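Beneath this line is the structure, given in structure tokens, with notes to follow.
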There are 2 protein chains.
Amino acid sequence: MTERTILALGGNAFASPGKPLTMARQFEFAKLVFQSLSPLLIDHRELVISHGNGPQVGHMLIRVEEALGKAYAVPLEVCVAESEGELGYVIIQTLHNVLNEWRQHRPIASILTQVVVDQKDSAFESPTKPIGPFYTDEQADEVRQRGFPLREETGRGFRRVVPSPYPREIVDVDVIESLLRAGVLVVAAGGGGIPVIRDGEQMRGVEAVVDKDLTSALLGELIDARLMLILTDVPCAYQDFNTPNQSPIGRIGIAEAQQLLNEGHFAEGSMKPKIEAAIQFSRRSGCRTIICNVDILDQALNGLAGTIIEQTEKKV
Amino acid sequence: MTERTILALGGNAFASPGKPLTMARQFEFAKLVFQSLSPLLIDHRELVISHGNGPQVGHMLIRVEEALGKAYAVPLEVCVAESEGELGYVIIQTLHNVLNEWRQHRPIASILTQVVVDQKDSAFESPTKPIGPFYTDEQADEVRQRGFPLREETGRGFRRVVPSPYPREIVDVDVIESLLRAGVLVVAAGGGGIPVIRDGEQMRGVEAVVDKDLTSALLGELIDARLMLILTDVPCAYQDFNTPNQSPIGRIGIAEAQQLLNEGHFAEGSMKPKIEAAIQFSRRSGCRTIICNVDILDQALNGLAGTIIEQTEKKV
């Protein structure tokens, strides 16, 4: 059990549904999550941890907006960079504390990560990723005047939508590789990475967010990980989710996963990108992806629970 | 000229006095600074870059305050973590772009850095470091009610003062050492590092800021740097600064620097902590510290300009 692993933590790892988000709660929940990760953390495997940042960036955007004219505005990609600071700190400190409780000592590092996207990615023409607070009609007009496209969500108001381009390259992959080789537990690619485009020999940020599971799949492939683990708030993926026919998906091959994806079994912005990321990682690496929650992690690592997508085609 | 070096950049490296701070200006000024650092950057020396964050954290505190009740509050140490994300991003991207212009290619990493301070540090009893915006009398009452001590600055209003404890330990020093050995240009200890205290085997953040020059001196000592370079907005330190007798300080020994410090030649929160940091680094490492601005960096590296503080006692 020392296979190099990429672990993608959902934003929900640091937030409790229904309870207001606070910094204290983020530390609390991070502790609960990492305490459940002992099967991964105590076997000294080479491990990279990535994480979502949706709720945190949502709050940053509110702060930026409320302080317009009093404090400088921070574009979305810089919010992602700040969230890598904020959540990276929550994670490295909590990991340190949890490992210390177990008398485990390993160096831990959180690395700012830039992810290159393609300026011609079709996502820039049709932004689809909802982000930040909901606005009333009146507020929405103001926000549009600042140049931000909005989309109405029935009964909840208007919300900014931003491009979510495909990750093409991870600028910091060599550094991550160096750290893994030195035995360091690495936190990287937070929030899907800071999106940048290449403009000749220069890089610059773009207002976008990259899906953290797709970035994790790319990072996993580039560092030659043998396992991708996507931790979320459900124990597995489901066919016909939220219908009377809902049934859990266990161990499946890539072709079957692709078929279920094509048939539209998975929710946009939720399970769908996880399945896409799983297919991508498992196809390119030849290794398995596990999608599960922390409660059943141990069984899932032993093939007894969770959704497991693997290269070898098998019957369900 | 391949001596391992710690470079401490002032917050002013990313801001222009008199002009409002914006993200675009931060990138602009960072570019100007790094373009002036070719003597350091093109000789492939082992280099750690630390940086201030005063103006950036000031703006973060304004955003947090303006959004109270709408977005969760972020304590000071988490603002420092976020600023390591924001400025770390500005620095790694700008460094990459400047090095690419020169056809130099080196891996670059920005590492979140926690700095341990002593819970019993006297700074916690008497906070002295001014931070964030100025408040009117009325605003000041509100801010006091939130539990923040304030100090009046004549004619400008009230300002929060926070503890600035002494840095005792750099949690991430082993990771920084690993990266230096792997040939990586490292950005670390931004804003003096994220202040944490040890509480038994656990670490937790404290609302404080650590002086970035003192942290840089400690980091320089721990990684066995052969040179500390403190870049600021004046070409050197001065005796009798801002008086008719003002005279530049050139190459001096530690004892003499200590004497000038004791005589009160240096401004609190400005040149004083730089001289303290220089004395500490040079005494413990036996190596020199240079204090200068970017315009004269090349001459200063060759001993021809700037204030140079070194172990060996010499006549000025």
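By convention here, the chains of the structure tokens are called A, B, ... in the order presented, each chain's residues are numbered starting at 1, and ligands are numbered starting at 1 in the order presented.
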
What's around B:Val57 at 12 Å? Count only C-alpha atoms, leave out sequence neighbours fewer than 2 positions away in its own chain, and write the answer as an mmCIF file with all heavy atoms, in the first residue's frame.
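What follows is the written file result_36.cif:
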```cif
data_model
loop_
_atom_site.group_PDB
_atom_site.id
_atom_site.type_symbol
_atom_site.label_atom_id
_atom_site.label_comp_id
_atom_site.auth_asym_id
_atom_site.auth_seq_id
_atom_site.Cartn_x
_atom_site.Cartn_y
_atom_site.Cartn_z
ATOM 1 N N ALA A 71 -11.109 49.187 -1.215
ATOM 2 C CA ALA A 71 -9.943 48.296 -1.327
ATOM 3 C C ALA A 71 -9.862 47.847 -2.780
ATOM 4 O O ALA A 71 -10.888 47.730 -3.459
ATOM 5 C CB ALA A 71 -10.099 47.090 -0.406
ATOM 6 N N TYR A 72 -8.659 47.597 -3.267
ATOM 7 C CA TYR A 72 -8.541 47.260 -4.698
ATOM 8 C C TYR A 72 -9.281 45.969 -5.016
ATOM 9 O O TYR A 72 -9.408 45.085 -4.172
ATOM 10 C CB TYR A 72 -7.074 47.197 -5.150
ATOM 11 C CG TYR A 72 -6.175 46.189 -4.467
ATOM 12 C CD1 TYR A 72 -6.107 44.862 -4.894
ATOM 13 C CD2 TYR A 72 -5.358 46.565 -3.404
ATOM 14 C CE1 TYR A 72 -5.257 43.950 -4.281
ATOM 15 C CE2 TYR A 72 -4.515 45.666 -2.781
ATOM 16 C CZ TYR A 72 -4.473 44.358 -3.224
ATOM 17 O OH TYR A 72 -3.640 43.447 -2.625
ATOM 18 N N GLU A 82 -5.397 33.348 -3.628
ATOM 19 C CA GLU A 82 -5.600 33.616 -2.193
ATOM 20 C C GLU A 82 -6.217 32.401 -1.498
ATOM 21 O O GLU A 82 -5.879 32.088 -0.353
ATOM 22 C CB GLU A 82 -6.507 34.842 -2.003
ATOM 23 C CG GLU A 82 -5.840 36.149 -2.391
ATOM 24 C CD GLU A 82 -6.748 37.359 -2.146
ATOM 25 O OE1 GLU A 82 -7.901 37.167 -1.711
ATOM 26 O OE2 GLU A 82 -6.294 38.491 -2.394
ATOM 27 N N GLY B 11 7.531 45.473 0.986
ATOM 28 C CA GLY B 11 6.184 45.528 0.423
ATOM 29 C C GLY B 11 6.122 46.553 -0.701
ATOM 30 O O GLY B 11 5.343 46.426 -1.646
ATOM 31 N N LEU B 21 -3.104 51.330 -4.946
ATOM 32 C CA LEU B 21 -2.673 49.959 -5.192
ATOM 33 C C LEU B 21 -3.739 49.237 -6.021
ATOM 34 O O LEU B 21 -4.925 49.344 -5.744
ATOM 35 C CB LEU B 21 -2.507 49.264 -3.835
ATOM 36 C CG LEU B 21 -1.755 47.945 -3.770
ATOM 37 C CD1 LEU B 21 -0.319 48.097 -4.213
ATOM 38 C CD2 LEU B 21 -1.787 47.395 -2.337
ATOM 39 N N GLY B 52 7.408 41.400 1.930
ATOM 40 C CA GLY B 52 6.449 42.026 2.843
ATOM 41 C C GLY B 52 5.031 41.885 2.300
ATOM 42 O O GLY B 52 4.835 41.387 1.191
ATOM 43 N N ASN B 53 4.063 42.301 3.099
ATOM 44 C CA ASN B 53 2.669 42.210 2.656
ATOM 45 C C ASN B 53 1.775 43.276 3.290
ATOM 46 O O ASN B 53 0.548 43.168 3.230
ATOM 47 C CB ASN B 53 2.104 40.818 2.970
ATOM 48 C CG ASN B 53 1.990 40.595 4.480
ATOM 49 O OD1 ASN B 53 2.454 41.406 5.270
ATOM 50 N ND2 ASN B 53 1.376 39.494 4.876
ATOM 51 N N GLY B 54 2.403 44.309 3.879
ATOM 52 C CA GLY B 54 1.626 45.312 4.616
ATOM 53 C C GLY B 54 0.464 45.900 3.837
ATOM 54 O O GLY B 54 -0.684 45.828 4.281
ATOM 55 N N PRO B 55 0.719 46.489 2.652
ATOM 56 C CA PRO B 55 -0.387 47.120 1.914
ATOM 57 C C PRO B 55 -1.477 46.101 1.537
ATOM 58 O O PRO B 55 -2.669 46.401 1.643
ATOM 59 C CB PRO B 55 0.288 47.663 0.646
ATOM 60 C CG PRO B 55 1.758 47.699 0.955
ATOM 61 C CD PRO B 55 2.018 46.649 1.981
ATOM 62 N N HIS B 59 -5.528 46.023 2.741
ATOM 63 C CA HIS B 59 -6.722 45.967 1.886
ATOM 64 C C HIS B 59 -7.604 44.767 2.224
ATOM 65 O O HIS B 59 -8.830 44.858 2.163
ATOM 66 C CB HIS B 59 -6.316 45.960 0.413
ATOM 67 C CG HIS B 59 -5.911 47.323 -0.088
ATOM 68 N ND1 HIS B 59 -6.679 48.058 -0.949
ATOM 69 C CD2 HIS B 59 -4.831 48.086 0.191
ATOM 70 C CE1 HIS B 59 -6.091 49.216 -1.195
ATOM 71 N NE2 HIS B 59 -4.953 49.255 -0.517
ATOM 72 N N MET B 60 -6.972 43.650 2.580
ATOM 73 C CA MET B 60 -7.780 42.475 2.970
ATOM 74 C C MET B 60 -8.616 42.777 4.203
ATOM 75 O O MET B 60 -9.786 42.407 4.276
ATOM 76 C CB MET B 60 -6.871 41.285 3.278
ATOM 77 C CG MET B 60 -6.324 40.643 2.026
ATOM 78 S SD MET B 60 -5.207 39.279 2.447
ATOM 79 C CE MET B 60 -4.735 38.789 0.785
ATOM 80 N N LEU B 61 -8.000 43.470 5.179
ATOM 81 C CA LEU B 61 -8.739 43.792 6.403
ATOM 82 C C LEU B 61 -9.931 44.707 6.094
ATOM 83 O O LEU B 61 -10.994 44.579 6.688
ATOM 84 C CB LEU B 61 -7.805 44.448 7.427
ATOM 85 C CG LEU B 61 -6.725 43.528 8.006
ATOM 86 C CD1 LEU B 61 -5.748 44.324 8.876
ATOM 87 C CD2 LEU B 61 -7.330 42.387 8.823
ATOM 88 N N ILE B 62 -9.739 45.635 5.153
ATOM 89 C CA ILE B 62 -10.858 46.495 4.745
ATOM 90 C C ILE B 62 -11.972 45.650 4.144
ATOM 91 O O ILE B 62 -13.151 45.803 4.475
ATOM 92 C CB ILE B 62 -10.392 47.567 3.722
ATOM 93 C CG1 ILE B 62 -9.413 48.541 4.392
ATOM 94 C CG2 ILE B 62 -11.598 48.317 3.133
ATOM 95 C CD1 ILE B 62 -8.754 49.521 3.428
ATOM 96 N N ARG B 63 -11.606 44.713 3.267
ATOM 97 C CA ARG B 63 -12.638 43.868 2.634
ATOM 98 C C ARG B 63 -13.393 43.046 3.677
ATOM 99 O O ARG B 63 -14.609 42.932 3.625
ATOM 100 C CB ARG B 63 -11.989 42.927 1.602
ATOM 101 C CG ARG B 63 -11.525 43.629 0.357
ATOM 102 C CD ARG B 63 -11.047 42.629 -0.710
ATOM 103 N NE ARG B 63 -10.018 43.254 -1.522
ATOM 104 C CZ ARG B 63 -8.726 42.952 -1.488
ATOM 105 N NH1 ARG B 63 -8.306 41.977 -0.703
ATOM 106 N NH2 ARG B 63 -7.873 43.606 -2.231
ATOM 107 N N VAL B 64 -12.638 42.473 4.613
ATOM 108 C CA VAL B 64 -13.272 41.655 5.656
ATOM 109 C C VAL B 64 -14.277 42.509 6.428
ATOM 110 O O VAL B 64 -15.415 42.103 6.675
ATOM 111 C CB VAL B 64 -12.210 41.074 6.615
ATOM 112 C CG1 VAL B 64 -12.863 40.478 7.861
ATOM 113 C CG2 VAL B 64 -11.370 40.015 5.899
ATOM 114 N N VAL B 74 -12.136 36.864 8.495
ATOM 115 C CA VAL B 74 -10.856 36.187 8.334
ATOM 116 C C VAL B 74 -9.876 36.799 9.324
ATOM 117 O O VAL B 74 -9.580 37.988 9.233
ATOM 118 C CB VAL B 74 -10.332 36.351 6.895
ATOM 119 C CG1 VAL B 74 -9.014 35.631 6.716
ATOM 120 C CG2 VAL B 74 -11.354 35.829 5.895
ATOM 121 N N PRO B 75 -9.378 36.026 10.289
ATOM 122 C CA PRO B 75 -8.442 36.612 11.249
ATOM 123 C C PRO B 75 -7.111 36.955 10.578
ATOM 124 O O PRO B 75 -6.814 36.486 9.477
ATOM 125 C CB PRO B 75 -8.269 35.518 12.299
ATOM 126 C CG PRO B 75 -8.691 34.247 11.647
ATOM 127 C CD PRO B 75 -9.651 34.605 10.558
ATOM 128 N N LEU B 76 -6.339 37.755 11.285
ATOM 129 C CA LEU B 76 -5.125 38.317 10.699
ATOM 130 C C LEU B 76 -4.169 37.267 10.142
ATOM 131 O O LEU B 76 -3.619 37.418 9.051
ATOM 132 C CB LEU B 76 -4.431 39.177 11.774
ATOM 133 C CG LEU B 76 -3.207 39.958 11.356
ATOM 134 C CD1 LEU B 76 -3.463 40.803 10.125
ATOM 135 C CD2 LEU B 76 -2.724 40.834 12.510
ATOM 136 N N GLU B 77 -3.968 36.171 10.888
ATOM 137 C CA GLU B 77 -2.991 35.184 10.404
ATOM 138 C C GLU B 77 -3.471 34.508 9.125
ATOM 139 O O GLU B 77 -2.654 34.092 8.292
ATOM 140 C CB GLU B 77 -2.650 34.154 11.490
ATOM 141 C CG GLU B 77 -3.714 33.112 11.781
ATOM 142 C CD GLU B 77 -4.782 33.598 12.755
ATOM 143 O OE1 GLU B 77 -4.872 34.817 13.012
ATOM 144 O OE2 GLU B 77 -5.539 32.746 13.255
ATOM 145 N N VAL B 78 -4.800 34.419 8.956
ATOM 146 C CA VAL B 78 -5.319 33.844 7.712
ATOM 147 C C VAL B 78 -5.179 34.859 6.567
ATOM 148 O O VAL B 78 -4.931 34.484 5.425
ATOM 149 C CB VAL B 78 -6.767 33.346 7.888
ATOM 150 C CG1 VAL B 78 -7.305 32.764 6.584
ATOM 151 C CG2 VAL B 78 -6.849 32.295 8.996
ATOM 152 N N CYS B 79 -5.299 36.161 6.890
ATOM 153 C CA CYS B 79 -4.984 37.183 5.877
ATOM 154 C C CYS B 79 -3.530 37.036 5.419
ATOM 155 O O CYS B 79 -3.227 37.159 4.232
ATOM 156 C CB CYS B 79 -5.199 38.589 6.432
ATOM 157 S SG CYS B 79 -6.917 39.032 6.704
ATOM 158 N N VAL B 80 -2.632 36.765 6.364
ATOM 159 C CA VAL B 80 -1.228 36.566 5.980
ATOM 160 C C VAL B 80 -1.119 35.370 5.032
ATOM 161 O O VAL B 80 -0.441 35.437 3.997
ATOM 162 C CB VAL B 80 -0.326 36.364 7.221
ATOM 163 C CG1 VAL B 80 1.102 36.018 6.796
ATOM 164 C CG2 VAL B 80 -0.326 37.613 8.095
ATOM 165 N N ALA B 81 -1.835 34.280 5.361
ATOM 166 C CA ALA B 81 -1.823 33.091 4.490
ATOM 167 C C ALA B 81 -2.353 33.445 3.098
ATOM 168 O O ALA B 81 -1.772 33.068 2.079
ATOM 169 C CB ALA B 81 -2.652 31.966 5.116
ATOM 170 N N GLU B 82 -3.459 34.204 3.067
ATOM 171 C CA GLU B 82 -4.021 34.609 1.772
ATOM 172 C C GLU B 82 -3.049 35.500 1.009
ATOM 173 O O GLU B 82 -2.927 35.417 -0.213
ATOM 174 C CB GLU B 82 -5.355 35.342 1.971
ATOM 175 C CG GLU B 82 -6.484 34.442 2.456
ATOM 176 C CD GLU B 82 -7.812 35.191 2.593
ATOM 177 O OE1 GLU B 82 -7.842 36.418 2.370
ATOM 178 O OE2 GLU B 82 -8.810 34.535 2.929
ATOM 179 N N SER B 83 -2.337 36.354 1.747
ATOM 180 C CA SER B 83 -1.384 37.247 1.071
ATOM 181 C C SER B 83 -0.195 36.467 0.523
ATOM 182 O O SER B 83 0.393 36.840 -0.490
ATOM 183 C CB SER B 83 -0.931 38.370 2.003
ATOM 184 O OG SER B 83 0.073 37.917 2.893
ATOM 185 N N GLU B 84 0.158 35.359 1.176
ATOM 186 C CA GLU B 84 1.208 34.497 0.601
ATOM 187 C C GLU B 84 0.715 33.893 -0.710
ATOM 188 O O GLU B 84 1.502 33.673 -1.633
ATOM 189 C CB GLU B 84 1.617 33.395 1.592
ATOM 190 C CG GLU B 84 2.414 33.924 2.784
ATOM 191 C CD GLU B 84 3.072 32.817 3.611
ATOM 192 O OE1 GLU B 84 2.821 31.629 3.351
ATOM 193 O OE2 GLU B 84 3.861 33.160 4.518
ATOM 194 N N GLY B 85 -0.610 33.640 -0.792
ATOM 195 C CA GLY B 85 -1.193 33.170 -2.046
ATOM 196 C C GLY B 85 -1.168 34.261 -3.100
ATOM 197 O O GLY B 85 -0.679 34.069 -4.215
ATOM 198 N N GLU B 86 -1.654 35.436 -2.737
ATOM 199 C CA GLU B 86 -1.761 36.542 -3.699
ATOM 200 C C GLU B 86 -0.380 36.981 -4.204
ATOM 201 O O GLU B 86 -0.101 37.002 -5.400
ATOM 202 C CB GLU B 86 -2.480 37.723 -3.034
ATOM 203 C CG GLU B 86 -2.561 38.955 -3.916
ATOM 204 C CD GLU B 86 -3.284 40.112 -3.234
ATOM 205 O OE1 GLU B 86 -4.259 39.885 -2.509
ATOM 206 O OE2 GLU B 86 -2.846 41.260 -3.445
ATOM 207 N N LEU B 87 0.499 37.332 -3.265
ATOM 208 C CA LEU B 87 1.805 37.853 -3.681
ATOM 209 C C LEU B 87 2.720 36.738 -4.189
ATOM 210 O O LEU B 87 3.539 36.963 -5.080
ATOM 211 C CB LEU B 87 2.462 38.600 -2.525
ATOM 212 C CG LEU B 87 1.968 40.033 -2.386
ATOM 213 C CD1 LEU B 87 2.316 40.598 -1.029
ATOM 214 C CD2 LEU B 87 2.566 40.893 -3.499
ATOM 215 N N PRO B 130 1.236 48.939 13.777
ATOM 216 C CA PRO B 130 0.009 49.487 13.188
ATOM 217 C C PRO B 130 -0.331 48.751 11.887
ATOM 218 O O PRO B 130 0.568 48.378 11.125
ATOM 219 C CB PRO B 130 0.375 50.943 12.906
ATOM 220 C CG PRO B 130 1.857 51.000 12.905
ATOM 221 C CD PRO B 130 2.393 49.811 13.614
ATOM 222 N N ILE B 131 -1.622 48.542 11.669
ATOM 223 C CA ILE B 131 -2.022 47.748 10.506
ATOM 224 C C ILE B 131 -3.401 48.178 10.033
ATOM 225 O O ILE B 131 -4.224 48.643 10.825
ATOM 226 C CB ILE B 131 -1.994 46.237 10.865
ATOM 227 C CG1 ILE B 131 -2.004 45.386 9.605
ATOM 228 C CG2 ILE B 131 -3.113 45.841 11.810
ATOM 229 C CD1 ILE B 131 -1.589 43.962 9.842
ATOM 230 N N GLY B 132 -3.638 48.077 8.730
ATOM 231 C CA GLY B 132 -4.964 48.340 8.166
ATOM 232 C C GLY B 132 -5.279 49.821 8.046
ATOM 233 O O GLY B 132 -4.392 50.680 8.121
ATOM 234 N N PRO B 133 -6.573 50.137 7.846
ATOM 235 C CA PRO B 133 -6.987 51.506 7.545
ATOM 236 C C PRO B 133 -6.997 52.415 8.778
ATOM 237 O O PRO B 133 -6.931 51.927 9.910
ATOM 238 C CB PRO B 133 -8.423 51.319 7.045
ATOM 239 C CG PRO B 133 -8.920 50.095 7.750
ATOM 240 C CD PRO B 133 -7.711 49.202 7.892
ATOM 241 N N GLY B 190 6.570 34.663 3.115
ATOM 242 C CA GLY B 190 5.899 35.908 2.727
ATOM 243 C C GLY B 190 5.235 36.564 3.922
ATOM 244 O O GLY B 190 4.661 35.889 4.767
ATOM 245 N N GLY B 191 5.345 37.887 3.985
ATOM 246 C CA GLY B 191 4.725 38.627 5.079
ATOM 247 C C GLY B 191 5.285 38.266 6.440
ATOM 248 O O GLY B 191 4.637 38.479 7.460
ATOM 249 N N ALA B 208 -1.427 38.059 14.745
ATOM 250 C CA ALA B 208 -0.176 38.796 14.902
ATOM 251 C C ALA B 208 0.463 38.907 13.521
ATOM 252 O O ALA B 208 -0.005 38.293 12.566
ATOM 253 C CB ALA B 208 0.749 38.040 15.852
ATOM 254 N N VAL B 209 1.493 39.733 13.421
ATOM 255 C CA VAL B 209 2.324 39.697 12.213
ATOM 256 C C VAL B 209 3.781 39.645 12.650
ATOM 257 O O VAL B 209 4.157 40.284 13.628
ATOM 258 C CB VAL B 209 2.123 40.920 11.287
ATOM 259 C CG1 VAL B 209 0.767 40.882 10.621
ATOM 260 C CG2 VAL B 209 2.321 42.220 12.037
#
```

Extract, using only C-alpha atoms, all DNA, RNA and protein residues at most 12 Å from A:Phe281, discarding same-chain residues fewer than 2 positions from it, and format them as an MDAnalysis selection string.
chainID A and resid 5:6 213:230 254 273:279 283:290 309:311

Selection from above, N, CA and C atoms, as a compact mmCIF listing (two decimals), in the first residue's frame, can you write it?
```txt
# COMPACT_ATOMS: atom_id res chain seq x y z
N THR A 5 -0.27 8.41 -4.83
CA THR A 5 -1.71 8.68 -4.87
C THR A 5 -1.99 10.17 -5.02
N ILE A 6 -2.99 10.49 -5.83
CA ILE A 6 -3.52 11.85 -5.86
C ILE A 6 -4.92 11.82 -5.22
N ASP A 213 -11.30 18.41 -10.15
CA ASP A 213 -11.13 16.98 -10.42
C ASP A 213 -10.38 16.76 -11.74
N LEU A 214 -10.67 17.59 -12.74
CA LEU A 214 -9.95 17.46 -14.01
C LEU A 214 -8.47 17.83 -13.83
N THR A 215 -8.20 18.88 -13.05
CA THR A 215 -6.80 19.24 -12.79
C THR A 215 -6.11 18.11 -12.02
N SER A 216 -6.83 17.52 -11.06
CA SER A 216 -6.24 16.43 -10.28
C SER A 216 -5.91 15.24 -11.18
N ALA A 217 -6.81 14.96 -12.13
CA ALA A 217 -6.56 13.85 -13.07
C ALA A 217 -5.30 14.12 -13.88
N LEU A 218 -5.17 15.36 -14.36
CA LEU A 218 -3.98 15.72 -15.14
C LEU A 218 -2.72 15.62 -14.28
N LEU A 219 -2.81 16.16 -13.07
CA LEU A 219 -1.65 16.12 -12.18
C LEU A 219 -1.28 14.67 -11.86
N GLY A 220 -2.30 13.85 -11.58
CA GLY A 220 -2.07 12.44 -11.29
C GLY A 220 -1.34 11.75 -12.43
N GLU A 221 -1.79 12.06 -13.64
CA GLU A 221 -1.16 11.45 -14.82
C GLU A 221 0.31 11.91 -14.93
N LEU A 222 0.54 13.22 -14.74
CA LEU A 222 1.88 13.78 -14.95
C LEU A 222 2.88 13.28 -13.91
N ILE A 223 2.41 13.04 -12.68
CA ILE A 223 3.34 12.54 -11.65
C ILE A 223 3.32 11.01 -11.61
N ASP A 224 2.60 10.41 -12.56
CA ASP A 224 2.58 8.95 -12.66
C ASP A 224 1.98 8.32 -11.39
N ALA A 225 0.89 8.91 -10.92
CA ALA A 225 0.21 8.35 -9.74
C ALA A 225 -0.39 7.00 -10.12
N ARG A 226 -0.47 6.11 -9.13
CA ARG A 226 -1.04 4.77 -9.34
C ARG A 226 -2.49 4.70 -8.87
N LEU A 227 -2.95 5.76 -8.24
CA LEU A 227 -4.32 5.78 -7.73
C LEU A 227 -4.82 7.22 -7.67
N MET A 228 -6.04 7.45 -8.16
CA MET A 228 -6.69 8.73 -7.91
C MET A 228 -7.89 8.46 -7.01
N LEU A 229 -8.00 9.28 -5.98
CA LEU A 229 -9.05 9.11 -5.00
C LEU A 229 -9.82 10.42 -4.94
N ILE A 230 -11.10 10.37 -5.31
CA ILE A 230 -11.94 11.57 -5.28
C ILE A 230 -12.88 11.45 -4.09
N ILE A 254 -13.74 1.49 -17.94
CA ILE A 254 -13.78 2.83 -18.53
C ILE A 254 -14.89 2.95 -19.58
N PRO A 273 -18.24 15.93 -13.65
CA PRO A 273 -16.79 16.16 -13.82
C PRO A 273 -15.94 15.13 -13.08
N LYS A 274 -16.47 14.56 -12.00
CA LYS A 274 -15.71 13.52 -11.28
C LYS A 274 -15.56 12.27 -12.15
N ILE A 275 -16.67 11.88 -12.83
CA ILE A 275 -16.61 10.71 -13.70
C ILE A 275 -15.70 11.00 -14.90
N GLU A 276 -15.81 12.20 -15.45
CA GLU A 276 -14.93 12.58 -16.57
C GLU A 276 -13.47 12.51 -16.13
N ALA A 277 -13.19 13.05 -14.95
CA ALA A 277 -11.82 13.04 -14.44
C ALA A 277 -11.35 11.61 -14.21
N ALA A 278 -12.23 10.77 -13.66
CA ALA A 278 -11.89 9.37 -13.39
C ALA A 278 -11.55 8.65 -14.69
N ILE A 279 -12.40 8.86 -15.71
CA ILE A 279 -12.16 8.20 -17.00
C ILE A 279 -10.82 8.66 -17.57
N ARG A 283 -7.87 6.01 -17.95
CA ARG A 283 -7.50 5.67 -19.33
C ARG A 283 -6.01 5.95 -19.57
N ARG A 284 -5.57 7.12 -19.14
CA ARG A 284 -4.19 7.50 -19.48
C ARG A 284 -3.16 6.81 -18.60
N SER A 285 -3.53 6.52 -17.36
CA SER A 285 -2.55 5.92 -16.44
C SER A 285 -2.63 4.41 -16.42
N GLY A 286 -3.77 3.86 -16.86
CA GLY A 286 -3.97 2.43 -16.71
C GLY A 286 -4.27 2.03 -15.27
N CYS A 287 -4.51 3.00 -14.40
CA CYS A 287 -4.73 2.71 -12.97
C CYS A 287 -6.15 3.08 -12.56
N ARG A 288 -6.50 2.74 -11.32
CA ARG A 288 -7.89 2.93 -10.92
C ARG A 288 -8.16 4.27 -10.25
N THR A 289 -9.41 4.68 -10.36
CA THR A 289 -9.91 5.85 -9.65
C THR A 289 -11.01 5.38 -8.70
N ILE A 290 -10.98 5.88 -7.47
CA ILE A 290 -12.03 5.57 -6.51
C ILE A 290 -12.79 6.85 -6.18
N ILE A 309 -13.38 2.95 -10.84
CA ILE A 309 -13.30 2.93 -12.31
C ILE A 309 -11.90 2.51 -12.70
N GLU A 310 -11.83 1.48 -13.53
CA GLU A 310 -10.49 0.99 -13.85
C GLU A 310 -10.34 0.65 -15.32
N GLN A 311 -9.11 0.58 -15.72
CA GLN A 311 -8.74 0.34 -17.11
C GLN A 311 -9.30 -0.98 -17.62
```

Taking into account only C-alpha atoms, which residue in the set B:Ala255, B:Leu32, B:Ala182, B:Val161 is nearest to chain A?
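Of B:Ala255, B:Leu32, B:Ala182, B:Val161, the one nearest chain A is B:Ala182, counting only C-alpha atoms.
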
Between stretch 81-150 of chain A and stretch 108-116 of chain B, at 6 Å or less, what are the per-residue closest atom pairs and their distances in Å? Count only C-alpha atoms, order by chain and rising residue number, and return it as CSV.
```
residue,atom,partner,partner_atom,distance
A:Ser110,CA,B:Leu112,CA,5.6
A:Ile111,CA,B:Ile111,CA,5.1
A:Leu112,CA,B:Ser110,CA,5.6
```

Could you write out the selected residues, including all heavy atoms, as a compact mmCIF listing (two decimals), in the first residue's frame?
```
# COMPACT_ATOMS: atom_id res chain seq x y z
N SER A 110 2.70 23.09 1.11
CA SER A 110 1.63 23.57 0.24
C SER A 110 2.25 24.46 -0.83
O SER A 110 2.92 25.44 -0.52
CB SER A 110 0.60 24.34 1.06
OG SER A 110 -0.40 24.81 0.20
N ILE A 111 2.01 24.09 -2.08
CA ILE A 111 2.64 24.73 -3.24
C ILE A 111 1.62 25.50 -4.05
O ILE A 111 0.61 24.92 -4.46
CB ILE A 111 3.19 23.61 -4.18
CG1 ILE A 111 4.23 22.77 -3.46
CG2 ILE A 111 3.74 24.16 -5.47
CD1 ILE A 111 5.50 23.51 -3.27
N LEU A 112 1.86 26.78 -4.29
CA LEU A 112 1.00 27.52 -5.22
C LEU A 112 1.11 26.86 -6.59
O LEU A 112 2.21 26.55 -7.03
CB LEU A 112 1.44 28.97 -5.36
CG LEU A 112 1.10 29.95 -4.24
CD1 LEU A 112 1.42 31.37 -4.73
CD2 LEU A 112 -0.35 29.87 -3.82
```

Provide the atom CA of A:Ile252 to atom CA of A:Leu37 distance in Å, to one decimal place.
24.1 Å

Counting only C-alpha atoms, the option among B:Val184, B:Ile170, B:Ala237, B:Leu301 closest to B:Ala267:
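Looking only at the distances to B:Ala267, the closest residue turns out to be B:Ala237.
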
Just asking: which residues within stretch 170-294 of chain B are alpha helix (DSSP H) according to DSSP, as a PyMOL selection string?
chain B and resi 173-181+212-222+254-262+271-285

Could you tell me which of A:Ser16, A:Thr307, A:Ser38, A:Ser178 comes closest to chain B if we count only C-alpha atoms?
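Between A:Ser16, A:Thr307, A:Ser38, A:Ser178, the residue approaching chain B most closely is A:Ser178.
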
Using only C-alpha atoms, which residue out of A:Glu152, A:Glu142, A:Asp137, A:Glu177 lies closest to chain B?
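When distances to chain B are compared using only C-alpha atoms, the smallest one comes from A:Glu177.
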